[in-house]
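Asks: My structure is in start_34.txt, and what it holds is compact mmCIF, C-alpha atoms:
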```
# COMPACT_ATOMS: atom_id res chain seq x y z
CA MET A 1069 -21.94 7.19 -2.78
CA SER A 1070 -20.18 7.50 0.56
CA SER A 1071 -19.68 4.51 2.76
CA ASN A 1072 -18.89 3.68 6.35
CA ARG A 1073 -16.97 0.58 5.30
CA ILE A 1074 -13.48 0.32 6.75
CA MET A 1075 -11.66 -1.67 4.11
CA THR A 1076 -8.17 -3.08 3.99
CA VAL A 1077 -5.60 -1.95 1.43
CA SER A 1078 -5.73 -5.34 -0.30
CA ARG A 1079 -9.48 -5.03 -0.81
CA ALA A 1080 -9.16 -1.44 -1.95
CA ILE A 1081 -6.72 -2.52 -4.65
CA SER A 1082 -8.82 -5.44 -5.88
CA GLU A 1083 -11.94 -3.25 -5.88
CA ALA A 1084 -10.16 -0.59 -7.95
CA ILE A 1085 -9.03 -3.18 -10.47
CA ALA A 1086 -12.50 -4.74 -10.66
CA GLN A 1087 -14.18 -1.39 -11.26
CA GLU A 1088 -11.76 -0.46 -14.03
CA MET A 1089 -12.13 -3.93 -15.61
CA ARG A 1090 -15.90 -3.47 -15.66
CA ALA A 1091 -15.55 -0.04 -17.26
CA ASP A 1092 -12.85 -0.85 -19.81
CA PRO A 1093 -12.61 -4.17 -21.67
CA THR A 1094 -8.94 -3.56 -22.53
CA VAL A 1095 -7.92 -3.84 -18.87
CA PHE A 1096 -6.66 -7.27 -17.86
CA ILE A 1097 -4.33 -8.67 -15.24
CA MET A 1098 -1.69 -11.35 -15.14
CA GLY A 1099 0.92 -12.66 -12.75
CA GLU A 1100 1.89 -15.50 -10.47
CA ASP A 1101 -0.92 -16.82 -8.25
CA ILE A 1102 -3.20 -13.88 -9.03
CA GLY A 1103 -6.09 -16.09 -10.20
CA THR A 1104 -7.34 -18.90 -7.99
CA TYR A 1105 -5.17 -17.82 -5.07
CA GLY A 1106 -6.17 -14.16 -5.41
CA GLY A 1107 -2.64 -12.84 -5.11
CA ILE A 1108 -0.39 -13.84 -2.24
CA PHE A 1109 -1.01 -10.43 -0.68
CA GLY A 1110 -4.70 -10.40 -1.54
CA ALA A 1111 -4.59 -7.68 -4.20
CA THR A 1112 -6.52 -9.69 -6.80
CA THR A 1113 -9.00 -11.59 -4.63
CA GLY A 1114 -12.30 -12.25 -6.39
CA LEU A 1115 -11.22 -11.11 -9.85
CA LEU A 1116 -11.00 -14.56 -11.47
CA ALA A 1117 -14.55 -15.44 -10.39
CA GLU A 1118 -15.96 -12.26 -11.91
CA PHE A 1119 -13.85 -11.85 -15.06
CA GLY A 1120 -12.67 -15.35 -16.00
CA LYS A 1121 -9.38 -16.77 -17.17
CA GLU A 1122 -8.96 -14.65 -20.31
CA ARG A 1123 -8.73 -11.42 -18.33
CA VAL A 1124 -7.26 -12.79 -15.09
CA ARG A 1125 -4.30 -14.84 -16.21
CA ASP A 1126 -2.16 -16.97 -13.94
CA THR A 1127 1.36 -17.09 -15.33
CA PRO A 1128 4.28 -19.45 -14.91
CA ILE A 1129 7.16 -18.33 -12.70
CA SER A 1130 8.73 -16.46 -15.58
CA GLU A 1131 8.83 -12.71 -15.01
CA THR A 1132 11.08 -12.30 -18.02
CA GLY A 1133 8.28 -13.63 -20.21
CA PHE A 1134 5.13 -12.20 -18.73
CA ILE A 1135 6.39 -8.70 -17.89
CA GLY A 1136 7.66 -8.52 -21.46
CA ALA A 1137 4.27 -9.75 -22.68
CA GLY A 1138 2.68 -6.95 -20.67
CA VAL A 1139 4.78 -4.33 -22.47
CA GLY A 1140 3.75 -5.77 -25.82
CA ALA A 1141 0.08 -5.91 -24.86
CA ALA A 1142 0.20 -2.30 -23.69
CA MET A 1143 1.80 -1.14 -26.95
CA ALA A 1144 -0.83 -3.10 -28.90
CA GLY A 1145 -3.68 -1.23 -27.25
CA MET A 1146 -4.48 -3.13 -24.08
CA ARG A 1147 -4.18 -1.85 -20.51
CA PRO A 1148 -2.40 -4.67 -18.68
CA ILE A 1149 -1.84 -4.85 -14.95
CA VAL A 1150 1.03 -7.20 -14.28
CA GLU A 1151 1.94 -8.34 -10.80
CA LEU A 1152 5.58 -8.77 -9.92
CA MET A 1153 5.03 -10.81 -6.77
CA PHE A 1154 7.90 -9.29 -4.79
CA VAL A 1155 9.70 -6.21 -6.06
CA ASP A 1156 12.91 -8.02 -5.14
CA PHE A 1157 12.39 -10.25 -8.20
CA PHE A 1158 12.81 -7.38 -10.68
CA GLY A 1159 16.25 -8.59 -11.70
CA VAL A 1160 15.04 -11.13 -14.24
CA CYS A 1161 12.58 -8.73 -15.93
CA MET A 1162 14.35 -5.38 -15.67
CA ASP A 1163 15.10 -5.17 -19.37
CA ALA A 1164 11.38 -5.22 -20.11
CA ILE A 1165 10.75 -2.63 -17.41
CA TYR A 1166 13.46 -0.04 -17.93
CA ASN A 1167 14.60 -0.55 -21.51
CA LEU A 1168 11.19 -1.31 -23.05
CA ALA A 1169 8.27 -0.08 -20.94
CA ALA A 1170 10.01 3.05 -19.71
CA LYS A 1171 11.61 4.07 -23.00
CA ASN A 1172 9.33 3.02 -25.85
CA ILE A 1173 7.11 6.09 -25.60
CA TYR A 1174 10.22 8.23 -26.14
CA PHE A 1175 11.79 5.99 -28.77
CA SER A 1176 8.61 6.04 -30.84
CA GLY A 1177 8.34 9.80 -30.70
CA GLY A 1178 5.16 9.43 -28.70
CA ASN A 1179 3.51 7.25 -31.33
CA TYR A 1180 3.29 4.30 -28.98
CA LYS A 1181 1.96 4.56 -25.48
CA VAL A 1182 2.69 1.98 -22.78
CA PRO A 1183 -0.36 2.06 -20.50
CA MET A 1184 0.84 -0.67 -18.16
CA VAL A 1185 0.70 -1.07 -14.40
CA ILE A 1186 3.36 -3.14 -12.71
CA MET A 1187 1.90 -3.91 -9.31
CA THR A 1188 4.44 -5.16 -6.81
CA ALA A 1189 4.81 -5.95 -3.10
CA THR A 1190 7.45 -4.15 -1.05
CA GLY A 1191 8.79 -3.93 2.44
CA GLY A 1192 10.09 -5.88 5.37
CA GLY A 1193 9.61 -6.17 9.08
CA TYR A 1194 8.44 -9.78 9.14
CA SER A 1195 11.69 -11.77 8.87
CA ASP A 1196 11.55 -12.66 5.19
CA ALA A 1197 15.21 -11.82 4.60
CA GLY A 1198 17.11 -9.88 2.01
CA GLN A 1199 15.44 -11.10 -1.19
CA HIS A 1200 11.84 -10.58 0.01
CA SER A 1201 11.97 -7.44 2.15
CA GLN A 1202 13.25 -4.56 0.07
CA THR A 1203 11.22 -1.55 -1.03
CA LEU A 1204 13.52 -0.37 -3.87
CA HIS A 1205 11.52 2.85 -4.27
CA ALA A 1206 14.51 4.79 -5.57
CA THR A 1207 15.68 2.05 -7.94
CA PHE A 1208 12.60 2.63 -10.06
CA ALA A 1209 12.17 6.35 -9.36
CA HIS A 1210 15.69 6.89 -10.68
CA LEU A 1211 14.84 5.64 -14.16
CA PRO A 1212 13.18 8.16 -16.50
CA GLY A 1213 9.90 7.01 -18.00
CA LEU A 1214 8.38 5.21 -15.03
CA LYS A 1215 5.83 6.65 -12.65
CA VAL A 1216 6.14 5.34 -9.10
CA VAL A 1217 3.33 5.12 -6.56
CA ALA A 1218 3.47 3.88 -2.93
CA PRO A 1219 0.26 4.37 -0.93
CA SER A 1220 -0.01 4.26 2.86
CA ASN A 1221 -3.72 3.50 3.26
CA ALA A 1222 -6.76 1.96 1.58
CA TYR A 1223 -8.34 5.21 0.39
CA ASP A 1224 -5.17 6.31 -1.40
CA ALA A 1225 -4.50 2.80 -2.71
CA LYS A 1226 -7.85 2.68 -4.52
CA GLY A 1227 -7.62 6.16 -6.01
CA LEU A 1228 -3.99 5.77 -7.04
CA MET A 1229 -4.60 2.34 -8.61
CA ILE A 1230 -7.43 3.79 -10.69
CA SER A 1231 -5.16 6.62 -11.83
CA ALA A 1232 -2.42 4.10 -12.58
CA ILE A 1233 -4.69 2.01 -14.80
CA ARG A 1234 -5.95 5.08 -16.67
CA ASP A 1235 -2.44 6.50 -17.17
CA ASP A 1236 -0.84 6.14 -20.61
CA SER A 1237 2.63 5.65 -19.12
CA PRO A 1238 4.00 2.63 -17.25
CA VAL A 1239 3.32 2.92 -13.53
CA MET A 1240 5.06 1.00 -10.75
CA PHE A 1241 2.34 0.48 -8.14
CA MET A 1242 4.32 -0.46 -5.02
CA PHE A 1243 2.19 -1.69 -2.14
CA HIS A 1244 3.69 -2.56 1.25
CA LYS A 1245 2.91 -6.09 2.42
CA GLY A 1246 2.54 -4.94 6.00
CA LEU A 1247 -0.23 -2.48 5.07
CA GLN A 1248 -2.41 -4.95 3.17
CA GLY A 1249 -4.54 -5.99 6.14
CA LEU A 1250 -3.79 -9.69 5.78
CA ALA A 1251 -4.74 -11.97 8.63
CA TRP A 1252 -1.23 -13.38 8.82
CA MET A 1253 0.62 -10.09 8.87
CA ALA A 1254 -0.29 -7.34 11.33
CA SER A 1255 -0.93 -3.94 9.80
CA PRO A 1256 -0.92 -0.58 11.58
CA GLU A 1257 -4.10 1.17 12.68
CA GLY A 1258 -4.99 3.57 9.90
CA ALA A 1259 -3.86 1.41 6.97
CA ALA A 1260 -7.42 0.20 6.57
CA SER A 1261 -9.64 3.22 6.04
CA GLU A 1262 -13.10 4.33 5.02
CA LEU A 1263 -13.52 3.46 1.39
CA PRO A 1264 -16.03 5.05 -0.98
CA GLU A 1265 -17.97 2.57 -3.11
CA GLU A 1266 -17.62 4.48 -6.36
CA ALA A 1267 -14.54 4.65 -8.57
CA TYR A 1268 -12.42 7.76 -7.98
CA ALA A 1269 -8.98 8.81 -9.18
CA ILE A 1270 -6.30 10.47 -7.04
CA PRO A 1271 -3.97 12.57 -9.22
CA PHE A 1272 -0.28 11.69 -9.18
CA GLY A 1273 2.17 14.21 -7.76
CA GLU A 1274 0.02 15.41 -4.89
CA ALA A 1275 1.50 14.73 -1.49
CA LYS A 1276 -0.78 14.92 1.51
CA VAL A 1277 -0.25 16.56 4.88
CA VAL A 1278 -1.53 13.76 7.11
CA ARG A 1279 -0.79 15.62 10.34
CA PRO A 1280 -0.27 19.38 10.49
CA GLY A 1281 2.40 20.87 12.74
CA LYS A 1282 4.64 23.92 13.04
CA ASP A 1283 7.94 22.73 14.55
CA VAL A 1284 9.39 20.12 12.18
CA THR A 1285 8.50 18.49 8.86
CA ILE A 1286 8.62 14.69 8.63
CA VAL A 1287 8.47 13.47 5.02
CA SER A 1288 7.71 9.80 4.38
CA LEU A 1289 5.65 7.35 2.38
CA SER A 1290 4.10 3.89 2.49
CA MET A 1291 4.66 2.07 5.82
CA MET A 1292 6.88 4.84 7.14
CA VAL A 1293 3.93 7.23 7.23
CA HIS A 1294 2.52 5.16 10.08
CA ARG A 1295 5.85 5.09 11.92
CA SER A 1296 6.08 8.86 11.44
CA LEU A 1297 2.56 9.40 12.77
CA ASP A 1298 3.40 7.31 15.85
CA ALA A 1299 6.51 9.42 16.34
CA ALA A 1300 4.49 12.63 15.94
CA GLU A 1301 2.09 11.41 18.61
CA GLU A 1302 4.97 10.84 21.02
CA LEU A 1303 6.58 14.18 20.12
CA ALA A 1304 3.30 15.95 20.85
CA THR A 1305 3.53 14.76 24.46
CA GLN A 1306 6.89 16.55 24.60
CA GLY A 1307 5.43 19.75 23.20
CA ILE A 1308 6.78 19.33 19.66
CA GLU A 1309 4.30 19.67 16.82
CA ALA A 1310 5.49 17.65 13.85
CA GLU A 1311 3.97 18.04 10.40
CA VAL A 1312 3.83 14.67 8.64
CA ILE A 1313 3.77 14.56 4.84
CA ASP A 1314 2.78 11.42 2.95
CA LEU A 1315 4.35 11.72 -0.51
CA ARG A 1316 1.96 9.07 -1.99
CA THR A 1317 3.77 9.22 -5.34
CA ILE A 1318 7.53 9.46 -5.84
CA VAL A 1319 7.37 10.05 -9.59
CA PRO A 1320 5.97 12.62 -10.05
CA LEU A 1321 7.22 14.09 -6.76
CA ASP A 1322 5.36 16.90 -5.01
CA ARG A 1323 8.44 18.96 -4.21
CA LYS A 1324 6.32 22.08 -3.74
CA LYS A 1325 4.47 20.71 -0.73
CA VAL A 1326 7.72 19.67 0.94
CA ILE A 1327 9.26 23.11 0.40
CA GLU A 1328 6.12 24.88 1.65
CA SER A 1329 6.17 22.84 4.83
CA VAL A 1330 9.89 23.34 5.50
CA ARG A 1331 9.46 27.06 4.85
CA LYS A 1332 7.02 27.00 7.76
CA THR A 1333 8.84 24.65 10.15
CA GLY A 1334 12.52 25.18 9.27
CA ARG A 1335 13.35 21.60 10.19
CA LEU A 1336 13.31 18.43 8.10
CA VAL A 1337 13.42 14.72 8.83
CA VAL A 1338 12.98 12.28 5.92
CA VAL A 1339 12.00 8.66 6.53
CA ASP A 1340 12.15 5.90 3.93
CA GLU A 1341 12.26 2.11 4.21
CA ASP A 1342 14.58 1.96 1.20
CA TYR A 1343 18.37 2.03 1.31
CA LYS A 1344 19.86 5.27 2.56
CA SER A 1345 22.50 6.24 0.03
CA PHE A 1346 21.61 7.59 -3.42
CA GLY A 1347 17.92 7.44 -2.60
CA LEU A 1348 14.68 9.24 -1.79
CA THR A 1349 15.87 10.71 1.51
CA GLY A 1350 18.78 12.46 -0.18
CA GLU A 1351 16.51 13.62 -3.02
CA ILE A 1352 14.09 15.31 -0.63
CA ILE A 1353 16.89 17.08 1.23
CA ALA A 1354 18.45 18.19 -2.06
CA THR A 1355 15.07 19.55 -3.15
CA VAL A 1356 14.98 21.86 -0.13
CA ALA A 1357 18.66 22.81 -0.40
CA GLU A 1358 18.32 23.69 -4.09
CA GLU A 1359 15.27 25.84 -3.37
CA ASP A 1360 16.86 27.85 -0.55
CA PRO A 1361 19.36 26.45 1.95
CA THR A 1362 18.42 29.15 4.45
CA LEU A 1363 15.00 27.55 4.89
CA LEU A 1364 16.66 25.10 7.27
CA LYS A 1365 17.38 26.16 10.84
CA ALA A 1366 19.25 22.92 11.52
CA ALA A 1367 20.89 20.14 9.55
CA PRO A 1368 18.27 17.83 8.05
CA GLN A 1369 18.06 14.26 9.28
CA ARG A 1370 17.35 11.14 7.28
CA LEU A 1371 16.28 7.66 8.34
CA ALA A 1372 16.54 4.72 5.99
CA VAL A 1373 18.08 1.26 5.77
CA PRO A 1374 21.82 1.75 6.38
CA ASP A 1375 23.13 0.30 3.11
CA VAL A 1376 23.08 -3.37 4.09
CA PRO A 1377 20.87 -6.18 2.79
CA ILE A 1378 17.82 -6.60 5.07
CA PRO A 1379 18.73 -9.24 7.70
CA TYR A 1380 16.56 -12.28 8.40
CA SER A 1381 17.12 -12.25 12.17
CA ARG A 1382 14.30 -10.30 13.80
CA PRO A 1383 16.48 -8.25 16.19
CA MET A 1384 18.87 -7.42 13.36
CA GLU A 1385 16.09 -6.55 10.95
CA GLN A 1386 14.37 -4.30 13.46
CA TYR A 1387 17.75 -2.67 14.10
CA VAL A 1388 18.12 -1.56 10.48
CA LEU A 1389 14.50 -0.52 9.80
CA PRO A 1390 13.36 3.00 10.72
CA SER A 1391 11.03 3.01 13.72
CA ALA A 1392 8.95 5.54 15.63
CA ASP A 1393 11.61 5.70 18.36
CA LYS A 1394 14.34 6.45 15.84
CA ILE A 1395 12.21 9.14 14.22
CA VAL A 1396 11.59 10.75 17.61
CA ALA A 1397 15.33 10.73 18.29
CA ALA A 1398 16.07 12.28 14.88
CA VAL A 1399 13.51 15.02 15.47
CA LEU A 1400 14.96 15.76 18.89
CA THR A 1401 18.43 16.03 17.33
CA THR A 1402 17.23 18.53 14.76
CA MET A 1403 15.28 20.48 17.40
CA LYS A 1404 18.42 20.96 19.53
CA LYS A 1405 20.27 22.69 16.73
CA GLY A 1406 19.60 26.20 15.52
CA ALA A 1407 17.28 28.80 16.95
CA MET B 908 -32.15 -8.90 16.27
CA ALA B 909 -30.27 -11.28 14.00
CA ASP B 910 -27.27 -13.33 15.04
CA ILE B 911 -24.24 -13.33 12.77
CA THR B 912 -23.42 -17.01 12.87
CA ILE B 913 -20.56 -18.77 11.20
CA ALA B 914 -22.10 -21.51 9.09
CA PRO B 915 -21.60 -24.89 10.83
CA ASP B 916 -20.28 -26.42 7.60
CA LEU B 917 -18.06 -23.51 6.50
CA TRP B 918 -14.97 -25.65 7.04
CA ASP B 919 -14.11 -29.06 8.47
CA ALA B 920 -13.45 -28.49 12.17
CA ASN B 921 -11.92 -31.95 12.45
CA ILE B 922 -9.04 -30.73 10.32
CA ASN B 923 -8.86 -27.11 11.52
CA PRO B 924 -10.54 -26.74 14.91
CA GLU B 925 -10.66 -22.96 14.82
CA GLY B 926 -10.05 -19.85 12.77
CA ILE B 927 -9.77 -16.17 13.61
CA ILE B 928 -11.54 -12.95 12.74
CA ALA B 929 -9.08 -11.42 10.29
CA ASN B 930 -10.93 -8.14 9.81
CA TRP B 931 -14.14 -6.38 10.65
CA PHE B 932 -15.09 -4.07 7.80
CA TYR B 933 -17.40 -1.93 9.91
CA ALA B 934 -16.91 -0.43 13.34
CA ASP B 935 -19.04 -1.61 16.24
CA GLY B 936 -22.33 0.34 16.16
CA SER B 937 -22.21 1.00 12.41
CA THR B 938 -25.25 0.78 10.18
CA VAL B 939 -24.89 -2.04 7.67
CA ALA B 940 -26.93 -3.16 4.68
CA ALA B 941 -28.26 -6.70 4.32
CA GLY B 942 -25.75 -8.81 2.42
CA ALA B 943 -22.84 -6.38 2.92
CA THR B 944 -19.48 -8.03 3.51
CA ILE B 945 -18.92 -7.21 7.14
CA ALA B 946 -16.07 -9.47 8.22
CA GLU B 947 -13.36 -11.77 6.99
CA LEU B 948 -12.29 -15.00 8.69
CA MET B 949 -9.02 -16.79 8.27
CA VAL B 950 -8.74 -20.56 8.68
CA GLU B 951 -5.25 -21.87 8.00
CA LYS B 952 -4.40 -19.97 4.80
CA THR B 953 -7.98 -19.69 3.55
CA THR B 954 -10.18 -16.65 4.07
CA PHE B 955 -13.97 -16.49 4.14
CA ASP B 956 -16.15 -13.41 3.78
CA ILE B 957 -19.06 -13.06 6.16
CA ALA B 958 -22.17 -11.24 4.94
CA ALA B 959 -24.66 -9.30 7.07
CA PRO B 960 -27.75 -11.49 7.56
CA SER B 961 -30.00 -8.40 7.72
CA ALA B 962 -29.87 -4.60 7.71
CA GLY B 963 -29.37 -2.67 10.93
CA ILE B 964 -26.86 -1.74 13.61
CA LEU B 965 -23.84 -4.00 13.94
CA HIS B 966 -22.77 -5.21 17.37
CA ILE B 967 -19.46 -7.04 17.41
CA ALA B 968 -19.15 -9.94 19.87
CA VAL B 969 -15.82 -11.44 18.78
CA PRO B 970 -13.12 -8.82 18.12
CA LYS B 971 -10.51 -8.79 15.38
CA ASP B 972 -8.01 -11.64 15.96
CA GLY B 973 -10.53 -13.46 18.18
CA ALA B 974 -10.82 -17.25 17.75
CA VAL B 975 -13.95 -18.69 16.12
CA LYS B 976 -15.37 -22.12 15.25
CA PRO B 977 -18.09 -23.26 12.89
CA GLY B 978 -21.37 -22.20 14.56
CA THR B 979 -19.87 -19.34 16.58
CA VAL B 980 -22.03 -16.21 16.87
CA ILE B 981 -19.57 -13.42 16.10
CA GLY B 982 -22.03 -10.56 16.52
CA THR B 983 -25.59 -9.41 16.11
CA ILE B 984 -27.51 -6.95 13.99
CA ASP B 985 -30.31 -4.90 15.54
CA ALA B 986 -33.03 -3.63 13.25
CA ALA B 987 -32.41 0.12 12.91
```
Any chance you could give the structure as structure tokens?
Replies:
Amino acid sequence: MSSNRIMTVSRAISEAIAQEMRADPTVFIMGEDIGTYGGIFGATTGLLAEFGKERVRDTPISETGFIGAGVGAAMAGMRPIVELMFVDFFGVCMDAIYNLAAKNIYFSGGNYKVPMVIMTATGGGYSDAGQHSQTLHATFAHLPGLKVVAPSNAYDAKGLMISAIRDDSPVMFMFHKGLQGLAWMASPEGAASELPEEAYAIPFGEAKVVRPGKDVTIVSLSMMVHRSLDAAEELATQGIEAEVIDLRTIVPLDRKKVIESVRKTGRLVVVDEDYKSFGLTGEIIATVAEEDPTLLKAAPQRLAVPDVPIPYSRPMEQYVLPSADKIVAAVLTTMKKGA
Amino acid sequence: MADITIAPDLWDANINPEGIIANWFYADGSTVAAGATIAELMVEKTTFDIAAPSAGILHIAVPKDGAVKPGTVIGTIDAA
């Protein structure tokens, strides 16, 4: 059934969870303030009223305990969704995530599956300082055994959440706070999108060309897709046609689509809200270089947080975050070089 | 034509004089079903869903981020 509803990302996520909970009694959710409050970023609104306390479980502030409980529940045959309120809080539960959830499928020779979703809020831009503003995409993508998802809009959020719940491996579902469509935090035009009523799954590992172009490839994900689209709009007024790719999932990574695009454009700019060094931006550039370094007509450019904790001060925070203006400047730099 | 009215007792206006339209879930001029969730209000940190009072074409009177009070007519629905 199609729909003309324009729903927010937060509602898309809660709708996806509700539909999977109706279809599969082993799906349940737990986390801090996910029940009565509905999740501080609105991702679980309405679930407690429909499914009750057994399946929608408010937890104490003890990630070490309840993320570990999620791993155990998953190995015992349930399909838990566990919310880590801010990704920044992973420190106290990382053993459960990377030594248990990520590895137990391997350690058991495939005899145990860990069908668990760790749903977590990412991103800055609203002066919440260095322990509440990180994205940490690469921190999780770096560790074998975890799938990593970071949608940019409501349609993708619903389809990717449904795939995450149905997946037999642990999935980090990383949603950006600034895309949720919350009344107290502005979200970009395009984050809310038309949302089909029925349940649908978007396969992992399929990036999406969200704006076609022939002159330069801009690769991004999550919030940075919107910054990249704004930049592409500005570049179009200068006669430059940028192709914008939304990766949608980092693990698995759709390297093929990136290479295909760069083969066409010959120029590459990668934009990520994570830290710059040892991260996604370098991985994308390496992907192209390993395929064929002669695909590039000019040195690739990358935009990311310049290896400092995210500042609280608004001017300082805005200075370190990638923006449409910075993307435009990076594209212009790469356009000047080469043929 | 049906008015989309915020219920006069939805919240205590003596405590919070006004809220805002947090989101419209349909574009102006869209066809909506009776009972569909068409908008979301925010009052302090609480949100309220607003349902379509009847089926028809939605006309938005108060835009996203616009201020509202209990009793405000935020739009109308014309029978299709």
Asks: Name all residues at most 9 Å from Gly1145 of chain A (count only C-alpha atoms; drop same-chain ones fewer than 2 positions away) and give them as a VMD selection string.
Replies: chain A and resid 1094 1140 to 1143 1147 1181 to 1183
Asks: Which residue, B:Glu951, B:Ala962, B:Trp918, B:Met908, has the smallest gap to chain A when you use only C-alpha atoms?
Replies: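 Answer, going by the shortest atom-to-atom distance: B:Glu951.
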Asks: What gap, in Å, lies between atom CA of Pro1271 of chain A and atom CA of Met1229 of chain A?
Replies: 10.3 Å
Asks: If we count all atoms listed in the file, which residues of chain A reach to within 6 Å of chain B? Please list them as a PDB file with C-alpha atoms, keeping the file's coordinate frame.
Replies:
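Dumped to result.pdb:
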```
ATOM      1  CA  ARG A1073     -16.970   0.580   5.300  1.00  0.00           C
ATOM      2  CA  ILE A1074     -13.480   0.320   6.750  1.00  0.00           C
ATOM      3  CA  MET A1075     -11.660  -1.670   4.110  1.00  0.00           C
ATOM      4  CA  ALA A1251      -4.740 -11.970   8.630  1.00  0.00           C
TER       5      ALA A1251
END
```
Asks: What is the atom CA of Pro915 of chain B-atom CA of Asn1072 of chain A distance in Å, reported with one decimal?
Replies: 29.0 Å
